[in-house]
Every structure is written in C-alpha cells, then in structure tokens.
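Participant: Provided below: protein_26.pdb, containing PDB, C-alpha atoms.
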```pdb
ATOM      1  CA  GLY A   1       0.000   0.000   0.000
ATOM      2  CA  GLY A   2       2.952   2.363   0.092
ATOM      3  CA  ARG A   3       5.816   3.439  -2.100
ATOM      4  CA  ILE A   4       9.520   2.756  -1.691
ATOM      5  CA  ILE A   5      12.017   5.415  -2.653
ATOM      6  CA  ALA A   6      15.658   4.408  -2.249
ATOM      7  CA  ILE A   7      17.788   7.547  -2.120
ATOM      8  CA  LEU A   8      21.561   7.578  -2.213
ATOM      9  CA  ASN A   9      24.596   9.751  -2.428
ATOM     10  CA  ALA A  10      26.527   8.939  -5.602
ATOM     11  CA  GLY A  11      29.168  11.629  -5.319
ATOM     12  CA  ASP A  12      31.753   9.200  -6.666
ATOM     13  CA  LEU A  13      30.405  10.179 -10.101
ATOM     14  CA  SER A  14      31.535  13.783  -9.760
ATOM     15  CA  ILE A  15      34.983  12.893  -8.424
ATOM     16  CA  GLY A  16      35.648  10.225 -11.029
ATOM     17  CA  ARG A  17      35.634   7.073  -8.884
ATOM     18  CA  ILE A  18      32.712   5.532 -10.794
ATOM     19  CA  ASP A  19      31.059   6.078 -14.155
ATOM     20  CA  ILE A  20      27.348   6.407 -14.807
ATOM     21  CA  GLU A  21      27.147   3.040 -16.592
ATOM     22  CA  THR A  22      28.500   1.206 -13.525
ATOM     23  CA  LEU A  23      26.129   3.074 -11.225
ATOM     24  CA  VAL A  24      23.138   2.248 -13.431
ATOM     25  CA  LEU A  25      24.114  -1.440 -13.452
ATOM     26  CA  CYS A  26      24.368  -1.422  -9.642
ATOM     27  CA  LEU A  27      20.981   0.249  -9.302
ATOM     28  CA  LYS A  28      19.404  -2.197 -11.739
ATOM     29  CA  GLN A  29      20.822  -5.089  -9.730
ATOM     30  CA  THR A  30      19.384  -3.546  -6.562
ATOM     31  CA  VAL A  31      15.937  -3.323  -8.147
ATOM     32  CA  ASP A  32      16.230  -6.922  -9.367
ATOM     33  CA  LEU A  33      17.342  -8.200  -5.937
ATOM     34  CA  THR A  34      14.355  -6.551  -4.273
ATOM     35  CA  GLY A  35      11.881  -8.096  -6.670
ATOM     36  CA  ALA A  36      11.202  -4.689  -8.211
ATOM     37  CA  LEU A  37       9.642  -3.372  -4.986
ATOM     38  CA  ILE A  38      11.468  -0.061  -5.338
ATOM     39  CA  ASP A  39       9.423   2.628  -7.049
ATOM     40  CA  LYS A  40      12.208   5.136  -7.578
ATOM     41  CA  ILE A  41      15.957   5.468  -6.963
ATOM     42  CA  PRO A  42      17.064   9.084  -7.144
ATOM     43  CA  PHE A  43      20.688   9.846  -6.454
ATOM     44  CA  CYS A  44      22.803  12.868  -5.691
ATOM     45  CA  MET A  45      25.906  13.058  -7.844
ATOM     46  CA  HIS A  46      27.379  16.030  -5.966
ATOM     47  CA  HIS A  47      30.423  15.747  -3.702
ATOM     48  CA  PRO A  48      32.152  18.378  -1.561
ATOM     49  CA  ASP A  49      35.528  17.379  -3.095
ATOM     50  CA  ALA A  50      34.391  17.803  -6.718
ATOM     51  CA  ALA A  51      36.636  20.102  -8.726
ATOM     52  CA  ASP A  52      33.703  21.639 -10.588
ATOM     53  CA  PRO A  53      31.865  24.043  -8.227
ATOM     54  CA  GLU A  54      28.564  23.052  -9.849
ATOM     55  CA  TYR A  55      29.056  19.541  -8.449
ATOM     56  CA  SER A  56      30.503  20.451  -5.059
ATOM     57  CA  ARG A  57      27.415  21.974  -3.398
ATOM     58  CA  CYS A  58      23.742  21.116  -3.553
ATOM     59  CA  TRP A  59      20.473  20.657  -1.699
ATOM     60  CA  CYS A  60      20.066  16.974  -2.519
ATOM     61  CA  ARG A  61      23.083  15.301  -0.886
ATOM     62  CA  ILE A  62      22.103  13.315   2.182
ATOM     63  CA  PRO A  63      21.654  14.501   4.973
ATOM     64  CA  SER A  64      19.705  17.210   3.137
ATOM     65  CA  PRO A  65      16.139  16.003   2.450
ATOM     66  CA  GLY A  66      16.110  17.272  -1.140
ATOM     67  CA  LEU A  67      15.964  13.828  -2.778
ATOM     68  CA  ILE A  68      12.999  12.833  -0.635
ATOM     69  CA  ILE A  69      11.069  15.948  -1.586
ATOM     70  CA  GLU A  70      12.136  15.821  -5.232
ATOM     71  CA  SER A  71      10.969  12.208  -5.486
ATOM     72  CA  ALA A  72       7.929  11.847  -3.273
ATOM     73  CA  ILE A  73       5.791  14.595  -4.762
ATOM     74  CA  PRO A  74       6.089  13.580  -8.457
ATOM     75  CA  LEU A  75       5.753   9.886  -7.553
ATOM     76  CA  ALA A  76       2.531  10.585  -5.667
ATOM     77  CA  HIS A  77       1.166  12.677  -8.526
ATOM     78  CA  ARG A  78       2.098  10.055 -11.122
ATOM     79  CA  ASN A  79       0.270   7.377  -9.148
ATOM     80  CA  ARG A  80      -2.597   9.705  -8.168
ATOM     81  CA  GLU A  81      -1.815   9.147  -4.505
ATOM     82  CA  MET A  82      -0.816  11.393  -1.685
ATOM     83  CA  TYR A  83       0.911  10.001   1.347
ATOM     84  CA  PRO A  84       1.227  12.461   4.210
ATOM     85  CA  PRO A  85       4.732  12.638   5.686
ATOM     86  CA  CYS A  86       3.395  11.404   9.039
ATOM     87  CA  ILE A  87       3.111   7.879   7.609
ATOM     88  CA  GLY A  88       6.573   7.862   6.029
ATOM     89  CA  MET A  89       9.582   6.024   7.406
ATOM     90  CA  PHE A  90      13.271   6.315   6.657
ATOM     91  CA  VAL A  91      15.402   3.171   6.826
ATOM     92  CA  GLY A  92      19.112   3.854   6.748
ATOM     93  CA  ALA A  93      22.540   2.716   7.816
ATOM     94  CA  THR A  94      24.371   5.981   8.458
ATOM     95  CA  VAL A  95      24.323   8.993  10.747
ATOM     96  CA  GLU A  96      23.661  11.110   7.649
ATOM     97  CA  GLY A  97      20.588   9.016   6.898
ATOM     98  CA  GLU A  98      19.326   9.547  10.412
ATOM     99  CA  GLN A  99      19.879  13.297  10.044
ATOM    100  CA  CYS A 100      18.046  13.255   6.698
ATOM    101  CA  ALA A 101      15.078  11.482   8.301
ATOM    102  CA  LYS A 102      14.953  14.081  11.042
ATOM    103  CA  LEU A 103      15.116  16.970   8.558
ATOM    104  CA  ALA A 104      12.324  15.377   6.508
ATOM    105  CA  GLY A 105      10.204  14.758   9.597
ATOM    106  CA  PHE A 106      10.309  10.965   9.247
ATOM    107  CA  PRO A 107      10.938   8.397  11.951
ATOM    108  CA  PHE A 108      14.264   6.621  11.421
ATOM    109  CA  MET A 109      14.858   2.896  11.629
ATOM    110  CA  PRO A 110      18.381   1.462  11.414
ATOM    111  CA  ALA A 111      18.719  -0.834   8.416
ATOM    112  CA  SER A 112      20.003  -3.655  10.616
ATOM    113  CA  LYS A 113      16.803  -3.561  12.672
ATOM    114  CA  TRP A 114      14.609  -3.317   9.566
ATOM    115  CA  HIS A 115      16.328  -6.397   8.090
ATOM    116  CA  ARG A 116      15.563  -8.340  11.275
ATOM    117  CA  GLU A 117      11.981  -7.102  11.534
ATOM    118  CA  GLY A 118      11.237  -6.355   7.877
ATOM    119  CA  LYS A 119       8.597  -9.005   7.453
ATOM    120  CA  LEU A 120       6.581  -7.291  10.170
ATOM    121  CA  LEU A 121       6.557  -4.061   8.173
ATOM    122  CA  VAL A 122       5.265  -5.448   4.907
TER     123      VAL A 122
END
```
Please go through the file and, once you have read it, give me the structure as structure tokens.
Facilitator:
Amino acid sequence: GGRIIAILNAGDLSIGRIDIETLVLCLKQTVDLTGALIDKIPFCMHHPDAADPEYSRCWCRIPSPGLIIESAIPLAHRNREMYPPCIGMFVGATVEGEQCAKLAGFPFMPASKWHREGKLLV
C-alpha cells in the first residue's frame, strides 16, 4: 500500500571514482534483488571534493532532504496518490541518513533492525 524510494549519495560520479554506466548497473541489480519493490531510486551526484563548483554543493546530498522531496511529490502525482509525511519512514545505515530522516520529519529505523523485523513491516 505504500511506495519505496531508495535515495543515495553517488558523489563518486563527480569525483571520477565511478562512471554512470557502472552506477546504473548497480541500481538495476538492486531493483532486481528486491523483486522490483522499489518505485524510484534518485541519487545525488554532488560531492564536496568535486573540482567543478557546480558539483561540489547542492540541496540533494544526504543529509539534506532534497531527494525525498524531489521524489515523493512527483511519484505521488504520477500514481494519483498522496501520502502524508506522518506515515513515512526512513530506513538507513548511516548517521547522515538519520539526520536526513529528522530533517524530513520521518521516523528513522536502522537498516540492521529493519532487516531483522522487515517481514513485520510489509
């Protein structure tokens, strides 16, 4: 009954540690491994160490909630749904993810706990 948006920082693109083709293959594998449960995977390709100033600062790099906002609203409109933020949840594995959840107004659940209890959430 809900939507899954998997957001990630992919700053390695802007500093040359990975190319877009490799990232796309990794994201496709992620979708395949989850049985296509993921509705959208937006990513931030900015990194503070990027040489190009256009790629060194942004509003979408986690812990900023930009990717959540940028993704949730169009996804809801496309599916003619509207989920209020009060029923959202952020599952993550980093301090930055926890900060992002807080900034977005979502409860945070550590990924390790979600993996153990995930079947209860479905």
Participant: So, counting all atoms listed in the file, which residue among A:Arg57, A:Pro63, A:Leu23, A:Arg3 is closest to Ala36 in chain A?
Facilitator: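 So, comparing all the options, the nearest one is A:Arg3.
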Participant: Quick one: of A:Gly97, A:Gly92, A:Pro84, A:Pro42, who's nearest to Ser64 in chain A, counting all atoms listed in the file?
Facilitator: A:Gly97
Participant: For each of A:Cys44, A:Ala51, A:Ile4, A:Ile38, take the minimum atom-to-atom distance to Gly16 in chain A, counting all atoms listed in the file, then give the residue where this is smallest.
Facilitator: A:Ala51
Participant: Taking into account only C-alpha atoms, which residue in the set A:Gly11, A:Gly66, A:Pro48, A:Pro53 is nearest to Ala104 in chain A?
Facilitator: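 Closest residue, counting only C-alpha atoms: A:Gly66.
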Participant: I'd like the neighbourhood of Trp59 in chain A as an mmCIF file with C-alpha atoms, in the frame of the given file, where a residue qualifies if any of its atoms comes within 12 Å (using all atoms listed in the file), though same-chain residues fewer than 2 positions away should be ignored.
Facilitator:
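File selection.cif, as written:
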```cif
data_model
loop_
_atom_site.group_PDB
_atom_site.id
_atom_site.type_symbol
_atom_site.label_atom_id
_atom_site.label_comp_id
_atom_site.auth_asym_id
_atom_site.auth_seq_id
_atom_site.Cartn_x
_atom_site.Cartn_y
_atom_site.Cartn_z
ATOM 1 C CA ASN A 9 24.596 9.751 -2.428
ATOM 2 C CA PHE A 43 20.688 9.846 -6.454
ATOM 3 C CA CYS A 44 22.803 12.868 -5.691
ATOM 4 C CA MET A 45 25.906 13.058 -7.844
ATOM 5 C CA HIS A 46 27.379 16.030 -5.966
ATOM 6 C CA HIS A 47 30.423 15.747 -3.702
ATOM 7 C CA PRO A 48 32.152 18.378 -1.561
ATOM 8 C CA GLU A 54 28.564 23.052 -9.849
ATOM 9 C CA TYR A 55 29.056 19.541 -8.449
ATOM 10 C CA SER A 56 30.503 20.451 -5.059
ATOM 11 C CA ARG A 57 27.415 21.974 -3.398
ATOM 12 C CA ARG A 61 23.083 15.301 -0.886
ATOM 13 C CA ILE A 62 22.103 13.315 2.182
ATOM 14 C CA PRO A 63 21.654 14.501 4.973
ATOM 15 C CA SER A 64 19.705 17.210 3.137
ATOM 16 C CA PRO A 65 16.139 16.003 2.450
ATOM 17 C CA GLY A 66 16.110 17.272 -1.140
ATOM 18 C CA LEU A 67 15.964 13.828 -2.778
ATOM 19 C CA ILE A 68 12.999 12.833 -0.635
ATOM 20 C CA ILE A 69 11.069 15.948 -1.586
ATOM 21 C CA GLU A 70 12.136 15.821 -5.232
ATOM 22 C CA CYS A 100 18.046 13.255 6.698
#
```
Participant: Extract, using all atoms listed in the file, all DNA, RNA and protein residues at most 12 Å from Ala111 in chain A, discarding same-chain residues fewer than 6 positions from it, and format them as a PyMOL selection string.
Facilitator: chain A and resi 89-95+97-98+117-118
Participant: Report, in Å with one decimal, the straight-line distance from CA of Ala72 in chain A to CA of Ile5 in chain A.
Facilitator: 7.6 Å
Participant: Could you state the separation of CA of Ile15 in chain A and CA of Ala50 in chain A in Å, given to one decimal place?
Facilitator: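 These atoms are spaced 5.2 Å apart.
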Participant: Give, as AutoDock Vina command-line options, the centre coordinates and the x, y and z edge lengths in Å to one decimal for an axis-aligned box around all listed atoms of range 67-73 of chain A, padded by 5 Å on each side.
Facilitator:
```
--center_x 10.9 --center_y 13.9 --center_z -3.1 --size_x 20.2 --size_y 14.1 --size_z 14.9
```
Participant: Could you tell me how far CA of Gly2 in chain A sits from CA of Met82 in chain A, in Å to one decimal place?
Facilitator: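 Straight-line distance from CA of Met82 in chain A to CA of Gly2 in chain A works out to 9.9 Å.
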Participant: Name the closest residue to Thr30 in chain A among the candidates A:Ala6, A:Arg17, A:Glu96, A:Cys58; distances are taken between atoms, counting only C-alpha atoms.
Facilitator: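 Ranking A:Ala6, A:Arg17, A:Glu96, A:Cys58 by distance to Thr30 in chain A, first place goes to A:Ala6.
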Participant: With distances taken over only C-alpha atoms, which residue among A:Gly35, A:Arg78, A:Ser14, A:Ser112 lies nearest Asp49 in chain A?
Facilitator: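 Smallest separation from Asp49 in chain A among the options: A:Ser14.
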